[in-house]
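A.B. asks: Supplied in structure tokens, the structure appears directly below.
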Amino acid sequence: MEALISVPVVLPLLAAGLKLAIGRRLLRLQALISVLTLATVLAVSLILLPAADREGPLVARAGGWEAPIGISLVADRLSTLMLVVSSAVTLCVMIYSLAQAYADQEDRAPLSIFHPAYLIMVAGVSDAFLSGDLFNLFVAFEMLLSGSYVLLTFGGTESRIRAGATYVVMGLTSSLLFLVAIAVAYGATGTVSMAQLAERFSVLPQHIKLLVELMLLLVFVVKAAIFPMSAWLPDSYPTAPAPATALFAGLLTKVGIYSIIRLEALLFPGGPVSGLLMWAALLTMLFGVFGAVAQTDIKRMLSFTLVSHIGYMVFGVALSTVAGMAGAVFYVVHHITVQTSLFLVTGMIERRAGTTSLDRLGGLMKLAPLIAVLFFVPAMNLAGIPPMSGFLGKLALIQAGVADGRPMALTLVAGSLLTSLLTLYAVATTWSRAFWRAPPPGIRQTGTVLESEEREDPASRAHGTEGITGRAIVTSVNMPPAMLGSTMALVALALSYTVMAGPLSALTERIATELLAREPYISAVLGGAR
């Protein structure tokens with residue numbers, strides 16, 4: 001099993017190098033390499049998850065060097081579950097992007113630039129989930145960020161370059177802070193191995209321990225777009241191509257959340273910052289959901305809901321209980337799948353109608369009923385309609401908050417209920433305006449696409465998203481079956497969490513117990529080095 005742990009990191013990097021060597025030739029071979037690579041990573045992840053659940057944390061040591069000197073890749077219950085979900089999502093998004101590229105006859109850049117960058121980002125995400133020391137976690141973030149920079153600015157339009165500049169500045173700033181935090185942690189303890197840090201932090205003076213914790217939290221707060229470091233996300237994500245936006249929304253912020261879960265459970269259990277995290281969770285919920293309600297563009301509305309629902313995950317982590325941590329992990333799994341599928345459907349809406357501005361949309365229920373259903377189902381799941389997984393995850397967190405009983409925990413319960421209601425209002429309003437109502441004045445239905453007599457949509461331009469610029473913007477309205485199929489697969493995966501709620505909840509409870517116990521992780525990594 002240990003030999004398989006490095007596959008999710010190494011294989012995408014090898015495939016990206018091979019695709020860059022091939023260049024713009026043999027496009028179908030490049031597509032085959034991408035799909036086979038991600039399918040193999042998914043298969044390996046499915047093997048590792050039951051093994052880690054059965055045997056405890058599995059450790060691979062790079063170059064045969066033992067911890068804490070060598071680099072350790074650790075596959076425990078949490079990291080393998082995250083690998084399974086992320087691998088399924090990245091495979092579906094890859095199929096979606098390939099179908100879109102072939103349908104639009106994009107035979108130049110997408111396969112020679114887009115997908116190598118995509119695979120590098122996938123390798124970085126996998127490395128972040130498996131990393132057993134802080135510096136390797138930093139390297140993982142740099143890998144996924146370097147790939148995301150390319151994907152975000154892909155196409156070189158003015159709006160994407162402008163949004164990319166903000167994203168790059170935030171990424172580089174947080175990376176610099178991460179390096180400083182690692183240096184302080186190493187200076188205080190003499191190690192960057194997370195297992196050894198867990199032991200040595202327990203004997204450090206409280207003020208040094210608190211300083212390191214706050215520095216690391218600040219880094220991951222930026223990367224996860226937690227309030228007050230949330231404003232960059234709604235301005236950056238909507239400008240990217242639909243597959244990239246879907247992957248960013250589903251995975252990148254969750255890597256930051258995963259790091260916070262690992263940080264708080266392993267290194268700083270029961271630390272004094274739990275109250276601060278509760279306030280951050282509440283303000284993140286409210287900031288995001290109030291922003292979502294005010295939007296008139298689907299991409300920006302979903303970007304704000306992404307921010308608000310990150311607050312639910314922080315809520316569970318801040319409770320520092322088995323029930324809270326289990327609820328947070330369940331909600332992370334749910335949200336990765338649902339948010340990705342919503343952005344993929346939004347890409348199909350833009351392809352079908354030429355815009356995502358609600359001021360220019362209407363009547364799509366008649367023209368594209370399947371797309372309407374594919375948006376409605378995950379939207380209701382996101383809002384937490386029973387008995388979907390969104391409802392189950394929120395219920396678990398609310399029960400954990402009530403069981404905690406502290407005034408701030410109960411305040412968070414009230415905030416989560418308000419956020420859920422406003423999320424339902426935002427997504428229901430969006431669905432009604434885009435699909436159910438008649439086309440607005442100035443827009444007419446041709447039977448194949450919605451067309452506008454106007455030359456430009458000022459609201460979309462102001463937000464940096466693509467707007468209608470006359471009939472010429474819609475060059476193709478056919479919806480490739482693979483785009484529909486990959487999106488349907490993700491919607492079905494999210495619905496399966498309801499069917500598998502019992503086993504999945506039991507698994508997340510075992511994950512939370514293992515995380516808070518700490519000893520299984522530390523013993524597996526250090527072994528005789530203790």
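Labels used: A, B, ... for chains in the order of the structure tokens, numbers from 1 for residues in each chain, and numbers from 1 for ligands as shown.
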Can you check which parts of stretch 340-432 of chain A lie within 12 Å of stretch 269-293 of chain A? Per residue, the shortest pair of atoms and distance in Å to one decimal, counting only C-alpha atoms, sorted by chain and number, as a Markdown table.
C.D. replies:
```
| residue | atom | partner | partner_atom | distance |
| --- | --- | --- | --- | --- |
| A:Ala383 | CA | A:Val289 | CA | 11.0 |
| A:Gly401 | CA | A:Met278 | CA | 10.7 |
| A:Arg406 | CA | A:Gly275 | CA | 10.2 |
| A:Pro407 | CA | A:Gly275 | CA | 10.6 |
| A:Met408 | CA | A:Met278 | CA | 7.1 |
| A:Ala409 | CA | A:Met278 | CA | 7.4 |
| A:Leu410 | CA | A:Met278 | CA | 10.4 |
| A:Thr411 | CA | A:Leu282 | CA | 8.2 |
| A:Leu412 | CA | A:Leu282 | CA | 5.9 |
| A:Val413 | CA | A:Leu282 | CA | 9.2 |
| A:Ala414 | CA | A:Leu282 | CA | 9.5 |
| A:Gly415 | CA | A:Leu282 | CA | 6.3 |
| A:Ser416 | CA | A:Met285 | CA | 7.2 |
| A:Leu417 | CA | A:Met285 | CA | 10.2 |
| A:Leu418 | CA | A:Leu286 | CA | 8.4 |
| A:Thr419 | CA | A:Val289 | CA | 6.1 |
| A:Ser420 | CA | A:Val289 | CA | 8.6 |
| A:Leu421 | CA | A:Val289 | CA | 9.5 |
| A:Leu422 | CA | A:Val289 | CA | 6.4 |
| A:Thr423 | CA | A:Val289 | CA | 6.3 |
| A:Leu424 | CA | A:Val293 | CA | 9.7 |
| A:Tyr425 | CA | A:Val293 | CA | 7.4 |
| A:Ala426 | CA | A:Val293 | CA | 5.1 |
| A:Val427 | CA | A:Val293 | CA | 8.6 |
| A:Ala428 | CA | A:Val293 | CA | 10.4 |
| A:Thr429 | CA | A:Val293 | CA | 8.8 |
| A:Thr430 | CA | A:Val293 | CA | 9.4 |
```
A.B. asks: Could you turn the residues from that selection into a file that holds N, CA, C and O atoms, as a CSV table (one decimal), in the first residue's frame?
C.D. replies:
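Okay, this is what ended up in part_8.csv:
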```csv
chain,number,residue,atom,x,y,z
A,383,ALA,N,-28.8,24.6,-0.8
A,383,ALA,CA,-29.6,25.3,0.2
A,383,ALA,C,-30.0,24.4,1.4
A,383,ALA,O,-30.4,25.0,2.4
A,401,GLY,N,-23.4,22.1,17.5
A,401,GLY,CA,-23.4,23.4,18.2
A,401,GLY,C,-24.3,23.4,19.4
A,401,GLY,O,-23.9,24.0,20.4
A,406,ARG,N,-22.2,26.5,24.4
A,406,ARG,CA,-21.7,27.8,24.6
A,406,ARG,C,-22.5,28.9,23.9
A,406,ARG,O,-23.0,28.6,22.8
A,407,PRO,N,-22.6,30.1,24.5
A,407,PRO,CA,-23.3,31.2,23.8
A,407,PRO,C,-22.9,31.4,22.3
A,407,PRO,O,-23.8,31.6,21.5
A,408,MET,N,-21.6,31.4,22.1
A,408,MET,CA,-21.1,31.7,20.7
A,408,MET,C,-21.5,30.5,19.8
A,408,MET,O,-21.8,30.7,18.6
A,409,ALA,N,-21.5,29.3,20.3
A,409,ALA,CA,-21.9,28.1,19.5
A,409,ALA,C,-23.4,28.2,19.2
A,409,ALA,O,-23.7,27.9,18.0
A,410,LEU,N,-24.2,28.6,20.1
A,410,LEU,CA,-25.6,28.8,19.8
A,410,LEU,C,-25.9,29.9,18.9
A,410,LEU,O,-26.8,29.9,18.0
A,411,THR,N,-25.1,31.0,19.0
A,411,THR,CA,-25.1,32.1,18.0
A,411,THR,C,-24.8,31.6,16.6
A,411,THR,O,-25.5,32.0,15.6
A,412,LEU,N,-23.8,30.7,16.5
A,412,LEU,CA,-23.5,30.2,15.2
A,412,LEU,C,-24.6,29.3,14.7
A,412,LEU,O,-24.8,29.2,13.4
A,413,VAL,N,-25.3,28.6,15.5
A,413,VAL,CA,-26.4,27.8,15.1
A,413,VAL,C,-27.5,28.7,14.4
A,413,VAL,O,-28.0,28.4,13.4
A,414,ALA,N,-27.8,29.8,15.1
A,414,ALA,CA,-28.7,30.8,14.5
A,414,ALA,C,-28.2,31.3,13.2
A,414,ALA,O,-29.0,31.5,12.3
A,415,GLY,N,-26.9,31.7,13.2
A,415,GLY,CA,-26.4,32.2,11.9
A,415,GLY,C,-26.4,31.2,10.8
A,415,GLY,O,-26.6,31.6,9.6
A,416,SER,N,-26.2,29.9,11.1
A,416,SER,CA,-26.2,28.9,10.1
A,416,SER,C,-27.6,28.7,9.5
A,416,SER,O,-27.8,28.5,8.3
A,417,LEU,N,-28.6,28.8,10.4
A,417,LEU,CA,-30.0,28.7,9.9
A,417,LEU,C,-30.4,29.9,9.0
A,417,LEU,O,-31.0,29.7,8.0
A,418,LEU,N,-30.0,31.1,9.4
A,418,LEU,CA,-30.2,32.3,8.6
A,418,LEU,C,-29.5,32.1,7.3
A,418,LEU,O,-30.1,32.4,6.2
A,419,THR,N,-28.3,31.7,7.3
A,419,THR,CA,-27.5,31.5,6.0
A,419,THR,C,-28.2,30.5,5.1
A,419,THR,O,-28.3,30.7,3.9
A,420,SER,N,-28.7,29.4,5.7
A,420,SER,CA,-29.4,28.4,4.9
A,420,SER,C,-30.6,29.0,4.2
A,420,SER,O,-30.9,28.8,3.0
A,421,LEU,N,-31.4,29.8,5.0
A,421,LEU,CA,-32.6,30.3,4.4
A,421,LEU,C,-32.3,31.3,3.3
A,421,LEU,O,-33.0,31.4,2.2
A,422,LEU,N,-31.3,32.2,3.5
A,422,LEU,CA,-30.9,33.2,2.5
A,422,LEU,C,-30.3,32.5,1.3
A,422,LEU,O,-30.5,33.0,0.2
A,423,THR,N,-29.6,31.4,1.5
A,423,THR,CA,-29.1,30.6,0.4
A,423,THR,C,-30.2,30.1,-0.5
A,423,THR,O,-30.2,30.2,-1.7
A,424,LEU,N,-31.2,29.6,0.2
A,424,LEU,CA,-32.4,29.1,-0.6
A,424,LEU,C,-33.0,30.2,-1.4
A,424,LEU,O,-33.4,30.0,-2.5
A,425,TYR,N,-33.2,31.4,-0.7
A,425,TYR,CA,-33.7,32.5,-1.5
A,425,TYR,C,-32.9,32.9,-2.7
A,425,TYR,O,-33.4,33.1,-3.8
A,426,ALA,N,-31.6,32.9,-2.5
A,426,ALA,CA,-30.7,33.3,-3.6
A,426,ALA,C,-30.7,32.4,-4.8
A,426,ALA,O,-30.9,32.8,-5.9
A,427,VAL,N,-30.7,31.1,-4.5
A,427,VAL,CA,-30.6,30.1,-5.6
A,427,VAL,C,-32.0,29.9,-6.2
A,427,VAL,O,-32.1,29.7,-7.5
A,428,ALA,N,-33.1,30.0,-5.4
A,428,ALA,CA,-34.4,29.9,-6.0
A,428,ALA,C,-34.7,31.1,-6.9
A,428,ALA,O,-35.3,31.0,-7.9
A,429,THR,N,-34.3,32.3,-6.4
A,429,THR,CA,-34.5,33.5,-7.3
A,429,THR,C,-33.7,33.4,-8.6
A,429,THR,O,-34.2,33.7,-9.6
A,430,THR,N,-32.5,32.9,-8.5
A,430,THR,CA,-31.7,32.7,-9.7
A,430,THR,C,-32.3,31.8,-10.6
A,430,THR,O,-32.4,32.0,-11.9
```
A.B. asks: Which residues are close to stretch 41-58 of chain A, i.e. within 7 Å by only C-alpha atoms, leaving aside same-chain residues fewer than 3 positions away? Reply as a ChimeraX atom specification.
C.D. replies: /A:2,4,7-8,37-38,74-77,80-81,83-84,87-88,520-521,524
A.B. asks: With distances taken over only C-alpha atoms, which of A:Ser79, A:Ser236, A:Ser175, A:Thr245 is nearest to A:Lys223?
C.D. replies: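 Under the stated criterion, the closest residue is A:Ser175.
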A.B. asks: Can you tell me, as a list in words, what residues are no more than 6 Å from stretch 490-507 of chain A when counting only C-alpha atoms, ignoring any on the same chain fewer than 2 positions away?
C.D. replies: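 With the cut-off at 6 Å, the set is Thr337, Ser341, Met388, Ser389, Thr487, Met488, Glu509 and Arg510 of chain A.
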A.B. asks: Please write the residues from the selection above to a file, keeping N, CA, C and O atoms, as a PDB file, in the first residue's frame.
C.D. replies:
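Output file result11.pdb is given in full below:
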```
ATOM      1  N   THR A 337     -18.460  18.581  -4.151  1.00  0.00           N
ATOM      2  CA  THR A 337     -19.209  17.999  -5.265  1.00  0.00           C
ATOM      3  C   THR A 337     -20.307  18.935  -5.760  1.00  0.00           C
ATOM      4  O   THR A 337     -20.458  19.161  -6.967  1.00  0.00           O
ATOM      5  N   SER A 341     -20.446  21.029  -9.446  1.00  0.00           N
ATOM      6  CA  SER A 341     -21.507  20.755 -10.413  1.00  0.00           C
ATOM      7  C   SER A 341     -22.280  22.020 -10.764  1.00  0.00           C
ATOM      8  O   SER A 341     -22.653  22.226 -11.928  1.00  0.00           O
ATOM      9  N   MET A 388     -31.530  15.876   1.339  1.00  0.00           N
ATOM     10  CA  MET A 388     -30.264  15.911   0.606  1.00  0.00           C
ATOM     11  C   MET A 388     -29.082  16.061   1.563  1.00  0.00           C
ATOM     12  O   MET A 388     -29.230  16.393   2.734  1.00  0.00           O
ATOM     13  N   SER A 389     -27.876  15.836   1.010  1.00  0.00           N
ATOM     14  CA  SER A 389     -26.674  15.834   1.843  1.00  0.00           C
ATOM     15  C   SER A 389     -26.393  17.200   2.454  1.00  0.00           C
ATOM     16  O   SER A 389     -25.812  17.293   3.539  1.00  0.00           O
ATOM     17  N   THR A 487     -21.394  16.368 -16.018  1.00  0.00           N
ATOM     18  CA  THR A 487     -22.142  17.154 -15.031  1.00  0.00           C
ATOM     19  C   THR A 487     -23.183  16.300 -14.331  1.00  0.00           C
ATOM     20  O   THR A 487     -23.350  16.374 -13.104  1.00  0.00           O
ATOM     21  N   MET A 488     -23.886  15.468 -15.088  1.00  0.00           N
ATOM     22  CA  MET A 488     -24.874  14.563 -14.489  1.00  0.00           C
ATOM     23  C   MET A 488     -24.206  13.603 -13.508  1.00  0.00           C
ATOM     24  O   MET A 488     -24.786  13.269 -12.468  1.00  0.00           O
ATOM     25  N   GLU A 509     -17.181  10.213  11.371  1.00  0.00           N
ATOM     26  CA  GLU A 509     -17.018  10.142  12.830  1.00  0.00           C
ATOM     27  C   GLU A 509     -15.710   9.441  13.190  1.00  0.00           C
ATOM     28  O   GLU A 509     -15.006   9.865  14.122  1.00  0.00           O
ATOM     29  N   ARG A 510     -15.368   8.383  12.448  1.00  0.00           N
ATOM     30  CA  ARG A 510     -14.075   7.725  12.698  1.00  0.00           C
ATOM     31  C   ARG A 510     -12.916   8.657  12.347  1.00  0.00           C
ATOM     32  O   ARG A 510     -11.875   8.661  13.024  1.00  0.00           O
TER      33      ARG A 510
END
```
